[in-house]
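Enquirer: File name protein_28.cif; file contents mmCIF, C-alpha atoms; full text below.
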data_start
#
loop_
_atom_site.group_PDB
_atom_site.id
_atom_site.type_symbol
_atom_site.label_atom_id
_atom_site.label_comp_id
_atom_site.auth_asym_id
_atom_site.auth_seq_id
_atom_site.Cartn_x
_atom_site.Cartn_y
_atom_site.Cartn_z
ATOM 1 C CA MET A 1 -20.288 23.185 -0.898
ATOM 2 C CA ASP A 2 -23.579 21.586 -1.868
ATOM 3 C CA LEU A 3 -22.782 17.926 -2.485
ATOM 4 C CA SER A 4 -26.418 17.131 -3.230
ATOM 5 C CA LYS A 5 -25.655 18.033 -6.854
ATOM 6 C CA PRO A 6 -24.608 14.687 -8.348
ATOM 7 C CA SER A 7 -22.535 16.104 -11.207
ATOM 8 C CA THR A 8 -20.473 18.341 -8.948
ATOM 9 C CA PHE A 9 -19.923 15.441 -6.556
ATOM 10 C CA ALA A 10 -18.894 13.176 -9.454
ATOM 11 C CA ASN A 11 -16.572 15.845 -10.824
ATOM 12 C CA LEU A 12 -14.922 16.302 -7.423
ATOM 13 C CA GLU A 13 -14.427 12.542 -7.138
ATOM 14 C CA ALA A 14 -12.957 12.427 -10.643
ATOM 15 C CA ALA A 15 -10.699 15.402 -9.899
ATOM 16 C CA PHE A 16 -9.547 13.763 -6.662
ATOM 17 C CA GLY A 17 -8.816 10.559 -8.565
ATOM 18 C CA GLY A 18 -6.989 12.383 -11.342
ATOM 19 C CA GLU A 19 -4.799 14.404 -8.982
ATOM 20 C CA SER A 20 -4.089 11.306 -6.893
ATOM 21 C CA MET A 21 -3.097 9.358 -9.988
ATOM 22 C CA ALA A 22 -0.889 12.208 -11.187
ATOM 23 C CA ASN A 23 0.882 12.192 -7.812
ATOM 24 C CA ARG A 24 1.646 8.466 -7.981
ATOM 25 C CA LYS A 25 2.652 8.653 -11.646
ATOM 26 C CA TYR A 26 5.062 11.536 -11.026
ATOM 27 C CA LEU A 27 6.610 9.697 -8.070
ATOM 28 C CA PHE A 28 7.122 6.710 -10.354
ATOM 29 C CA PHE A 29 8.712 8.991 -12.968
ATOM 30 C CA ALA A 30 10.940 10.486 -10.256
ATOM 31 C CA ASP A 31 12.112 6.988 -9.363
ATOM 32 C CA VAL A 32 12.872 6.228 -13.024
ATOM 33 C CA ALA A 33 14.737 9.512 -13.482
ATOM 34 C CA ALA A 34 16.771 8.912 -10.306
ATOM 35 C CA LYS A 35 17.677 5.387 -11.409
ATOM 36 C CA LEU A 36 18.824 6.821 -14.738
ATOM 37 C CA GLY A 37 20.985 9.402 -12.980
ATOM 38 C CA ASN A 38 18.950 12.513 -13.773
ATOM 39 C CA THR A 39 18.557 13.972 -10.284
ATOM 40 C CA ALA A 40 17.273 17.336 -11.536
ATOM 41 C CA LEU A 41 14.405 15.696 -13.405
ATOM 42 C CA ALA A 42 13.732 13.384 -10.447
ATOM 43 C CA LYS A 43 13.432 16.458 -8.193
ATOM 44 C CA LEU A 44 11.079 18.165 -10.667
ATOM 45 C CA PHE A 45 8.808 15.107 -10.683
ATOM 46 C CA ARG A 46 8.872 14.807 -6.860
ATOM 47 C CA ASP A 47 8.112 18.506 -6.390
ATOM 48 C CA THR A 48 5.233 18.362 -8.862
ATOM 49 C CA ALA A 49 3.906 15.200 -7.182
ATOM 50 C CA ALA A 50 3.753 17.109 -3.884
ATOM 51 C CA GLN A 51 1.697 19.836 -5.564
ATOM 52 C CA GLU A 52 -0.659 17.226 -7.017
ATOM 53 C CA THR A 53 -1.131 15.851 -3.491
ATOM 54 C CA GLU A 54 -2.217 19.275 -2.282
ATOM 55 C CA HIS A 55 -4.682 19.535 -5.173
ATOM 56 C CA ALA A 56 -6.105 16.098 -4.304
ATOM 57 C CA PHE A 57 -6.384 17.064 -0.627
ATOM 58 C CA ALA A 58 -8.320 20.218 -1.562
ATOM 59 C CA HIS A 59 -10.826 18.136 -3.538
ATOM 60 C CA PHE A 60 -11.084 15.552 -0.762
ATOM 61 C CA ARG A 61 -11.777 18.271 1.817
ATOM 62 C CA LEU A 62 -14.736 19.381 -0.296
ATOM 63 C CA LEU A 63 -15.958 15.786 -0.591
ATOM 64 C CA HIS A 64 -15.571 15.149 3.148
ATOM 65 C CA PRO A 65 -15.910 18.396 5.087
ATOM 66 C CA GLU A 66 -16.540 16.353 8.245
ATOM 67 C CA LEU A 67 -12.845 15.438 8.186
ATOM 68 C CA VAL A 68 -11.476 18.971 7.949
ATOM 69 C CA VAL A 69 -9.565 19.822 11.127
ATOM 70 C CA SER A 70 -8.841 23.537 11.410
ATOM 71 C CA ASP A 71 -7.915 23.720 15.089
ATOM 72 C CA PRO A 72 -7.359 20.345 16.786
ATOM 73 C CA ALA A 73 -7.003 22.016 20.192
ATOM 74 C CA ARG A 74 -10.645 23.141 20.046
ATOM 75 C CA LEU A 75 -11.967 19.628 19.467
ATOM 76 C CA SER A 76 -13.301 17.534 22.305
ATOM 77 C CA PRO A 77 -12.033 13.978 22.717
ATOM 78 C CA GLU A 78 -15.397 12.780 21.371
ATOM 79 C CA GLN A 79 -15.088 14.967 18.266
ATOM 80 C CA LYS A 80 -11.552 13.718 17.658
ATOM 81 C CA GLN A 81 -12.724 10.138 18.029
ATOM 82 C CA ALA A 82 -15.623 10.746 15.616
ATOM 83 C CA ILE A 83 -13.255 12.138 12.971
ATOM 84 C CA LEU A 84 -10.793 9.273 13.357
ATOM 85 C CA SER A 85 -13.662 6.775 13.262
ATOM 86 C CA ARG A 86 -14.889 8.294 10.010
ATOM 87 C CA CYS A 87 -11.392 8.014 8.543
ATOM 88 C CA LEU A 88 -11.297 4.318 9.427
ATOM 89 C CA GLU A 89 -14.813 3.767 8.092
ATOM 90 C CA LEU A 90 -13.861 5.311 4.744
ATOM 91 C CA ALA A 91 -10.646 3.287 4.631
ATOM 92 C CA ILE A 92 -12.470 0.034 5.360
ATOM 93 C CA GLU A 93 -15.147 0.912 2.824
ATOM 94 C CA GLY A 94 -12.560 1.602 0.137
ATOM 95 C CA GLU A 95 -10.497 -1.522 0.769
ATOM 96 C CA THR A 96 -13.610 -3.681 0.970
ATOM 97 C CA TYR A 97 -14.861 -2.296 -2.351
ATOM 98 C CA GLU A 98 -11.491 -3.103 -3.895
ATOM 99 C CA TYR A 99 -11.446 -6.763 -2.875
ATOM 100 C CA THR A 100 -15.174 -7.504 -3.251
ATOM 101 C CA THR A 101 -15.997 -5.607 -6.434
ATOM 102 C CA MET A 102 -13.303 -3.671 -8.269
ATOM 103 C CA TYR A 103 -10.419 -6.133 -8.472
ATOM 104 C CA PRO A 104 -12.587 -9.229 -8.988
ATOM 105 C CA GLU A 105 -14.251 -7.488 -11.949
ATOM 106 C CA PHE A 106 -10.869 -6.387 -13.304
ATOM 107 C CA ALA A 107 -9.437 -9.900 -12.871
ATOM 108 C CA ALA A 108 -12.425 -11.419 -14.673
ATOM 109 C CA GLN A 109 -11.954 -9.017 -17.586
ATOM 110 C CA ALA A 110 -8.217 -9.751 -17.735
ATOM 111 C CA ARG A 111 -8.988 -13.482 -17.745
ATOM 112 C CA SER A 112 -11.495 -12.929 -20.569
ATOM 113 C CA ASP A 113 -8.851 -10.929 -22.443
ATOM 114 C CA GLU A 114 -6.343 -13.746 -21.793
ATOM 115 C CA ASP A 115 -3.968 -11.344 -20.055
ATOM 116 C CA GLY A 116 -2.426 -13.543 -17.376
ATOM 117 C CA GLY A 117 -0.083 -10.836 -16.091
ATOM 118 C CA ALA A 118 -2.895 -8.372 -15.428
ATOM 119 C CA GLU A 119 -5.087 -11.096 -13.940
ATOM 120 C CA ALA A 120 -2.310 -12.109 -11.526
ATOM 121 C CA GLU A 121 -1.755 -8.465 -10.545
ATOM 122 C CA PHE A 122 -5.463 -7.975 -9.831
ATOM 123 C CA GLN A 123 -5.599 -11.213 -7.823
ATOM 124 C CA ASP A 124 -2.623 -10.030 -5.757
ATOM 125 C CA GLN A 125 -4.411 -6.735 -5.142
ATOM 126 C CA ILE A 126 -7.517 -8.588 -3.938
ATOM 127 C CA ASP A 127 -5.391 -10.290 -1.282
ATOM 128 C CA GLU A 128 -3.637 -7.064 -0.302
ATOM 129 C CA SER A 129 -6.897 -5.115 -0.094
ATOM 130 C CA LYS A 130 -8.356 -7.809 2.201
ATOM 131 C CA GLN A 131 -5.292 -7.447 4.415
ATOM 132 C CA HIS A 132 -5.571 -3.657 4.435
ATOM 133 C CA ALA A 133 -9.269 -3.790 5.368
ATOM 134 C CA ALA A 134 -8.449 -6.221 8.186
ATOM 135 C CA ILE A 135 -5.655 -3.948 9.427
ATOM 136 C CA PHE A 136 -8.019 -0.968 9.493
ATOM 137 C CA HIS A 137 -10.648 -3.050 11.334
ATOM 138 C CA THR A 138 -8.009 -4.083 13.875
ATOM 139 C CA ALA A 139 -6.860 -0.488 14.294
ATOM 140 C CA GLY A 140 -10.438 0.587 14.907
ATOM 141 C CA ARG A 141 -10.868 -2.079 17.546
ATOM 142 C CA ASN A 142 -7.494 -1.416 19.159
ATOM 143 C CA PHE A 143 -8.101 2.297 19.413
ATOM 144 C CA GLY A 144 -11.804 1.970 20.247
ATOM 145 C CA LEU A 145 -12.785 3.948 17.187
ATOM 146 C CA LEU A 146 -15.430 1.648 15.764
ATOM 147 C CA ALA A 147 -18.616 1.181 17.709
ATOM 148 C CA PRO A 148 -19.128 -2.382 18.997
ATOM 149 C CA VAL A 149 -22.264 -2.748 16.890
ATOM 150 C CA GLU A 150 -20.255 -1.934 13.774
ATOM 151 C CA HIS A 151 -17.831 -4.704 14.705
ATOM 152 C CA HIS A 152 -20.791 -7.023 14.978
ATOM 153 C CA HIS A 153 -22.193 -5.980 11.596
ATOM 154 C CA ALA A 154 -18.794 -6.156 9.905
ATOM 155 C CA ASP A 155 -18.197 -9.610 11.379
ATOM 156 C CA ARG A 156 -21.618 -10.850 10.194
ATOM 157 C CA TYR A 157 -20.956 -9.565 6.681
ATOM 158 C CA GLY A 158 -17.554 -11.206 6.760
ATOM 159 C CA VAL A 159 -19.109 -14.565 7.699
ATOM 160 C CA ALA A 160 -21.743 -14.173 4.976
ATOM 161 C CA LEU A 161 -19.088 -13.290 2.408
ATOM 162 C CA GLN A 162 -17.034 -16.356 3.338
ATOM 163 C CA ALA A 163 -20.146 -18.536 3.040
ATOM 164 C CA LEU A 164 -20.851 -17.117 -0.421
ATOM 165 C CA ARG A 165 -17.345 -18.086 -1.426
ATOM 166 C CA GLY A 166 -17.884 -21.598 -0.084
ATOM 167 C CA GLU A 167 -15.436 -21.017 2.779
ATOM 168 C CA GLY A 168 -17.827 -21.685 5.631
ATOM 169 C CA LYS A 169 -21.457 -21.586 6.631
ATOM 170 C CA ALA A 170 -23.627 -18.644 7.553
ATOM 171 C CA ALA A 171 -26.367 -19.299 10.094
ATOM 172 C CA GLU A 172 -29.607 -17.506 10.772
ATOM 173 C CA ALA A 173 -30.528 -15.860 14.036
ATOM 174 C CA SER A 174 -32.013 -18.196 16.621
ATOM 175 C CA GLN A 175 -35.403 -16.412 16.463
ATOM 176 C CA PRO A 176 -35.845 -14.696 13.091
ATOM 177 C CA VAL A 177 -38.588 -12.128 12.655
ATOM 178 C CA PRO A 178 -40.473 -12.760 9.388
ATOM 179 C CA GLY A 179 -39.762 -10.063 6.820
ATOM 180 C CA LYS A 180 -37.446 -8.172 9.151
ATOM 181 C CA TRP A 181 -33.925 -8.654 10.398
ATOM 182 C CA ILE A 182 -33.194 -7.323 13.859
ATOM 183 C CA CYS A 183 -29.642 -7.062 15.087
ATOM 184 C CA LYS A 184 -29.487 -8.722 18.493
ATOM 185 C CA VAL A 185 -26.695 -6.353 19.542
ATOM 186 C CA CYS A 186 -28.743 -3.272 18.574
ATOM 187 C CA SER A 187 -32.068 -4.401 20.012
#
Using structure tokens, write down the structure that the file contains.
Expert:
Amino acid sequence: MDLSKPSTFANLEAAFGGESMANRKYLFFADVAAKLGNTALAKLFRDTAAQETEHAFAHFRLLHPELVVSDPARLSPEQKQAILSRCLELAIEGETYEYTTMYPEFAAQARSDEDGGAEAEFQDQIDESKQHAAIFHTAGRNFGLLAPVEHHHADRYGVALQALRGEGKAAEASQPVPGKWICKVCS
């Protein structure tokens, strides 16, 4: 699959999102049907949700072929670690986007629309997404799946983000290079 074509890539992302949303929606419907005593309809929704998951996985495999594992026994320990590291990187990236960009923008719009319930929900999701990102960072460290330099970079961004929020102070390197930032861990 040639992912250099932006419209195909965007369509695959949209299809992945749509199938993922259908899965969660059908599981919600299954829960409602079960609570209302209609076990046959609950089963139909659960079964269809499982199919939607498979559709989403197919799209995700096309978006991230580097994560497709056909025969785990043929992978070296280094290859396995690289795949797991990529999974964690994508998870951290997604959770970080949620709490730094998506949910703050949604909360601001809800506040502007004077929808306190939605604003509170989005604020709660900001907190949860921060926790999820931290859990994934910890998992990466615990399992040695994130390179030490990435820890360093992630930590520096975390300090800078806290400083932007007025929750601390970010400092400059002891010997800055004019016009160029050099990571002391990398160099």
Enquirer: Restricting the calculation to all atoms listed in the file, which member of A:Glu121, A:Glu128, A:Glu13, A:Asp115 is positioned closest to Phe57 (chain A)?
Expert: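 Distance minimum relative to Phe57 (chain A) lands on A:Glu13.
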Enquirer: In Å, with one decimal, what is the gap from CA of Glu54 (chain A) to CA of Ala40 (chain A)?
Expert: 21.7 Å
Enquirer: Using only C-alpha atoms, which of A:Leu63, A:Val68, A:Ala133, A:Cys87 sits nearest Pro6 (chain A)?
Expert: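 Comparing A:Leu63, A:Val68, A:Ala133, A:Cys87 against Pro6 (chain A), the winner is A:Leu63.
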Enquirer: Could you tell me, as a ChimeraX atom specification, exactly which residues end up selected when the PyMOL selection byres ((chain A and resi 86) around 12) is applied to this structure?
Expert: /A:64-68,79-85,87-93,136,140,145-147
Enquirer: As an exercise, work out the distance from CA of Lys25 (chain A) to CA of Tyr99 (chain A) in Å and give it to one decimal place.
Expert: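 So the two atoms, CA of Lys25 (chain A) and CA of Tyr99 (chain A), lie 22.7 Å apart.
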Enquirer: Using CA of Ser129 (chain A) and CA of Tyr26 (chain A) as the two end points, give the distance in Å to one decimal.
Expert: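 Distance between the two atoms: 23.2 Å.
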Enquirer: Nearest to His132 (chain A) among A:Tyr97, A:Phe9, A:Phe29, A:Phe106, with distances taken over all atoms listed in the file: which residue is it?
Expert: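 Counting all atoms listed in the file, the residue closest to His132 (chain A) is A:Tyr97.
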